[in-house]
Amino acid sequence: MEVQTKNTLRVVLYQVEMPTTGSNSCSACDSVQGTLISAIQEVQKLFVHLGYEILFRSTTVQTIEEAENAQIVASPTIRVGNLDFYPDHREDGPEAREWTWNGSTVAEPNKETLMEVLLKGYFEPKKARGKLELSPYILNHLKESGMTKPNCGCD
């Protein structure tokens with residue numbers, strides 16, 4: 001007898017651990033995670049018919065080495081299968097990010113955009129990843145996190 005298993009689409013949200021800033025969480029990470037989970041719930045309804053299951057995991061990156069091993073360049077980074085979706089970090093402030101999708105740039109992706117990202121990630125072919133350069137934002141926070149006790153609450 002053959003055991004049939006569901007196909008899976010892996011979705012990982014990578015977040016950089018933030019040093020203590022007086023707040024209990026990284027608001028940008030929390031907001032994107034909430035919207036992503038909502039998008040996953042909607043897309044999962046379709047994937048059930050395709051025999052697919054979406055497996056979501058959130059990972060907090062604590063060191064530069066972990067960021068390099070995960071091959072992320074920004075925080076947060078959403079990895080859907082072989083597709084990475086992440087913001088550009090602006091210089092205006094610690095939470096200033098620009099997400100670009102289909103020619104539009106926004107401060108934060110909405111549920112519909114993340115649903116499109118999930119579907120595109122489903123179809124994205126595997127490709128070799130070259131060495132990526134970490135954004136100065138990630139480097140600054142990971143260097144600082146080694147000096148101060150983190151308190152992001154993004155675990």
# chains A, B, ... in the order shown; residues from 1 in each chain; ligands from 1
call {"tool": "select_by_dssp", "arguments": {"residues": "stretch 5-87 of chain A", "states": "strand (DSSP E)", "output": "MDAnalysis selection string"}}
result
chainID A and resid 7:16 52:61 77:80 83:85
call {"tool": "atom_distance", "arguments": {"atom1": "atom CA of A:Ser27", "atom2": "atom CA of A:Gln71"}}
result
22.9 Å
call {"tool": "select_by_dssp", "arguments": {"residues": "stretch 58-130 of chain A", "states": "alpha helix (DSSP H)", "output": "list in words"}}
result
Ile64, Glu65, Glu66, Ala67, Glu68, Asn69, Ala70, Lys111, Glu112, Thr113, Leu114, Met115, Glu116, Val117, Leu118, Leu119, Lys120, Gly121, Tyr122 and Phe123 of chain A
call {"tool": "atom_distance", "arguments": {"atom1": "atom CA of A:Arg97", "atom2": "atom CA of A:Glu124"}}
result
24.4 Å
call {"tool": "residues_around", "arguments": {"residues": "A:Asp88", "least_positions_apart": "3", "cutoff": "9 Å", "atoms": "only C-alpha atoms", "output": "tab-separated table (two decimals) with C-alpha atoms, in the first residue's frame"}}
result
chain	number	residue	atom	x	y	z
A	74	ALA	CA	16.68	42.76	4.54
A	75	SER	CA	14.33	42.44	7.48
A	96	ALA	CA	11.20	53.08	7.24
A	97	ARG	CA	10.84	50.44	4.53
A	98	GLU	CA	9.80	50.41	0.90
A	99	TRP	CA	8.26	47.24	-0.54
A	100	THR	CA	8.10	47.05	-4.34
A	135	SER	CA	21.82	45.67	3.97
call {"tool": "closest_residue", "arguments": {"among": "A:Leu36, A:Leu50, A:Ile72, A:Lys143", "to": "A:Val117", "atoms": "only C-alpha atoms"}}
result
A:Leu36
call {"tool": "closest_residue", "arguments": {"among": "A:Leu139, A:Leu83, A:Met115, A:Val73", "to": "A:Phe47", "atoms": "only C-alpha atoms"}}
result
A:Met115
call {"tool": "closest_residue", "arguments": {"among": "A:Leu119, A:Phe56, A:Trp101, A:Gln44", "to": "A:Tyr86", "atoms": "only C-alpha atoms"}}
result
A:Trp101
call {"tool": "residues_around", "arguments": {"residues": "A:Arg79", "least_positions_apart": "3", "cutoff": "10 Å", "atoms": "only C-alpha atoms", "output": "list in words"}}
result
Arg10, Val11, Val12, Leu13, Tyr14, Phe56, Arg57, Ile72, Pro76, Asn82, Leu83, Asp84, Phe85, Tyr86, Val117, Leu118 and Gly121 of chain A
call {"tool": "write_last_selection", "arguments": {"atoms": "N, CA and C atoms", "output": "PDB file, in the first residue's frame"}}
result
ATOM      1  N   ARG A  10       6.702  25.835   1.377  1.00  0.00           N
ATOM      2  CA  ARG A  10       7.285  26.368   2.609  1.00  0.00           C
ATOM      3  C   ARG A  10       7.371  27.893   2.533  1.00  0.00           C
ATOM      4  N   VAL A  11       6.887  28.521   3.593  1.00  0.00           N
ATOM      5  CA  VAL A  11       6.919  29.978   3.714  1.00  0.00           C
ATOM      6  C   VAL A  11       7.644  30.296   5.010  1.00  0.00           C
ATOM      7  N   VAL A  12       8.707  31.093   4.894  1.00  0.00           N
ATOM      8  CA  VAL A  12       9.486  31.472   6.079  1.00  0.00           C
ATOM      9  C   VAL A  12       9.539  32.994   6.154  1.00  0.00           C
ATOM     10  N   LEU A  13       9.261  33.509   7.339  1.00  0.00           N
ATOM     11  CA  LEU A  13       9.416  34.935   7.600  1.00  0.00           C
ATOM     12  C   LEU A  13      10.684  35.097   8.436  1.00  0.00           C
ATOM     13  N   TYR A  14      11.693  35.721   7.846  1.00  0.00           N
ATOM     14  CA  TYR A  14      12.947  35.991   8.559  1.00  0.00           C
ATOM     15  C   TYR A  14      12.888  37.401   9.121  1.00  0.00           C
ATOM     16  N   PHE A  56       4.105  27.361   7.353  1.00  0.00           N
ATOM     17  CA  PHE A  56       4.658  28.658   7.729  1.00  0.00           C
ATOM     18  C   PHE A  56       5.550  28.529   8.950  1.00  0.00           C
ATOM     19  N   ARG A  57       6.654  29.272   8.900  1.00  0.00           N
ATOM     20  CA  ARG A  57       7.570  29.319  10.037  1.00  0.00           C
ATOM     21  C   ARG A  57       8.153  30.725  10.119  1.00  0.00           C
ATOM     22  N   ILE A  72      19.652  36.202   3.505  1.00  0.00           N
ATOM     23  CA  ILE A  72      18.693  37.305   3.476  1.00  0.00           C
ATOM     24  C   ILE A  72      19.460  38.611   3.362  1.00  0.00           C
ATOM     25  N   PRO A  76      11.913  42.601   7.472  1.00  0.00           N
ATOM     26  CA  PRO A  76      11.735  41.166   7.346  1.00  0.00           C
ATOM     27  C   PRO A  76      11.891  40.706   5.899  1.00  0.00           C
ATOM     28  N   ASN A  82      11.078  29.312  -3.620  1.00  0.00           N
ATOM     29  CA  ASN A  82      12.350  29.844  -4.117  1.00  0.00           C
ATOM     30  C   ASN A  82      12.318  31.352  -4.372  1.00  0.00           C
ATOM     31  N   LEU A  83      11.294  32.015  -3.876  1.00  0.00           N
ATOM     32  CA  LEU A  83      11.126  33.453  -4.080  1.00  0.00           C
ATOM     33  C   LEU A  83      11.334  34.196  -2.772  1.00  0.00           C
ATOM     34  N   ASP A  84      12.138  35.248  -2.808  1.00  0.00           N
ATOM     35  CA  ASP A  84      12.316  36.130  -1.645  1.00  0.00           C
ATOM     36  C   ASP A  84      11.629  37.459  -1.926  1.00  0.00           C
ATOM     37  N   PHE A  85      10.878  37.939  -0.953  1.00  0.00           N
ATOM     38  CA  PHE A  85      10.209  39.235  -1.032  1.00  0.00           C
ATOM     39  C   PHE A  85      10.623  40.010   0.206  1.00  0.00           C
ATOM     40  N   TYR A  86      11.237  41.150  -0.012  1.00  0.00           N
ATOM     41  CA  TYR A  86      11.756  41.936   1.106  1.00  0.00           C
ATOM     42  C   TYR A  86      11.771  43.418   0.742  1.00  0.00           C
ATOM     43  N   VAL A 117       2.335  37.195  -3.904  1.00  0.00           N
ATOM     44  CA  VAL A 117       3.692  36.705  -3.602  1.00  0.00           C
ATOM     45  C   VAL A 117       3.644  35.200  -3.336  1.00  0.00           C
ATOM     46  N   LEU A 118       2.656  34.745  -2.573  1.00  0.00           N
ATOM     47  CA  LEU A 118       2.524  33.313  -2.284  1.00  0.00           C
ATOM     48  C   LEU A 118       2.313  32.513  -3.572  1.00  0.00           C
ATOM     49  N   GLY A 121       5.512  32.541  -5.614  1.00  0.00           N
ATOM     50  CA  GLY A 121       6.487  31.655  -4.988  1.00  0.00           C
ATOM     51  C   GLY A 121       6.199  30.192  -5.276  1.00  0.00           C
TER      52      GLY A 121
END
call {"tool": "decode", "arguments": {"residues": "stretch 90-110 of chain A", "atoms": "N, CA and C atoms", "output": "compact mmCIF listing (two decimals), in the first residue's frame"}}
result
# COMPACT_ATOMS: atom_id res chain seq x y z
N ARG A 90 14.97 52.33 4.09
CA ARG A 90 15.25 53.74 3.84
C ARG A 90 16.05 54.31 5.00
N GLU A 91 16.70 55.40 4.74
CA GLU A 91 17.55 56.04 5.75
C GLU A 91 16.77 56.92 6.72
N ASP A 92 15.46 57.18 6.44
CA ASP A 92 14.68 58.13 7.25
C ASP A 92 14.44 57.69 8.69
N GLY A 93 14.54 56.42 8.98
CA GLY A 93 14.28 55.96 10.34
C GLY A 93 14.36 54.46 10.42
N PRO A 94 14.39 53.93 11.62
CA PRO A 94 14.58 52.49 11.80
C PRO A 94 13.45 51.64 11.24
N GLU A 95 12.25 52.18 11.17
CA GLU A 95 11.12 51.40 10.67
C GLU A 95 10.77 51.75 9.23
N ALA A 96 11.52 52.64 8.59
CA ALA A 96 11.20 53.08 7.24
C ALA A 96 11.62 52.03 6.22
N ARG A 97 10.61 51.47 5.53
CA ARG A 97 10.84 50.44 4.53
C ARG A 97 10.03 50.75 3.29
N GLU A 98 10.54 50.30 2.15
CA GLU A 98 9.80 50.41 0.90
C GLU A 98 9.73 49.03 0.27
N TRP A 99 8.51 48.54 0.09
CA TRP A 99 8.26 47.24 -0.54
C TRP A 99 7.82 47.50 -1.98
N THR A 100 8.45 46.86 -2.94
CA THR A 100 8.10 47.05 -4.34
C THR A 100 7.57 45.75 -4.91
N TRP A 101 6.39 45.85 -5.54
CA TRP A 101 5.75 44.68 -6.16
C TRP A 101 4.98 45.14 -7.38
N ASN A 102 5.22 44.52 -8.51
CA ASN A 102 4.52 44.84 -9.76
C ASN A 102 4.51 46.33 -10.07
N GLY A 103 5.64 46.98 -9.87
CA GLY A 103 5.77 48.39 -10.23
C GLY A 103 5.26 49.37 -9.20
N SER A 104 4.67 48.89 -8.12
CA SER A 104 4.18 49.79 -7.06
C SER A 104 5.09 49.68 -5.84
N THR A 105 5.28 50.81 -5.17
CA THR A 105 6.09 50.85 -3.96
C THR A 105 5.21 51.35 -2.82
N VAL A 106 5.22 50.59 -1.71
CA VAL A 106 4.41 50.93 -0.54
C VAL A 106 5.25 50.78 0.72
N ALA A 107 4.77 51.39 1.80
CA ALA A 107 5.46 51.29 3.09
C ALA A 107 5.28 49.91 3.70
N GLU A 108 4.18 49.25 3.36
CA GLU A 108 3.90 47.92 3.91
C GLU A 108 3.00 47.16 2.93
N PRO A 109 3.30 45.89 2.67
CA PRO A 109 2.47 45.14 1.73
C PRO A 109 1.10 44.81 2.33
N ASN A 110 0.07 44.84 1.48
CA ASN A 110 -1.27 44.47 1.94
C ASN A 110 -1.50 42.97 1.69
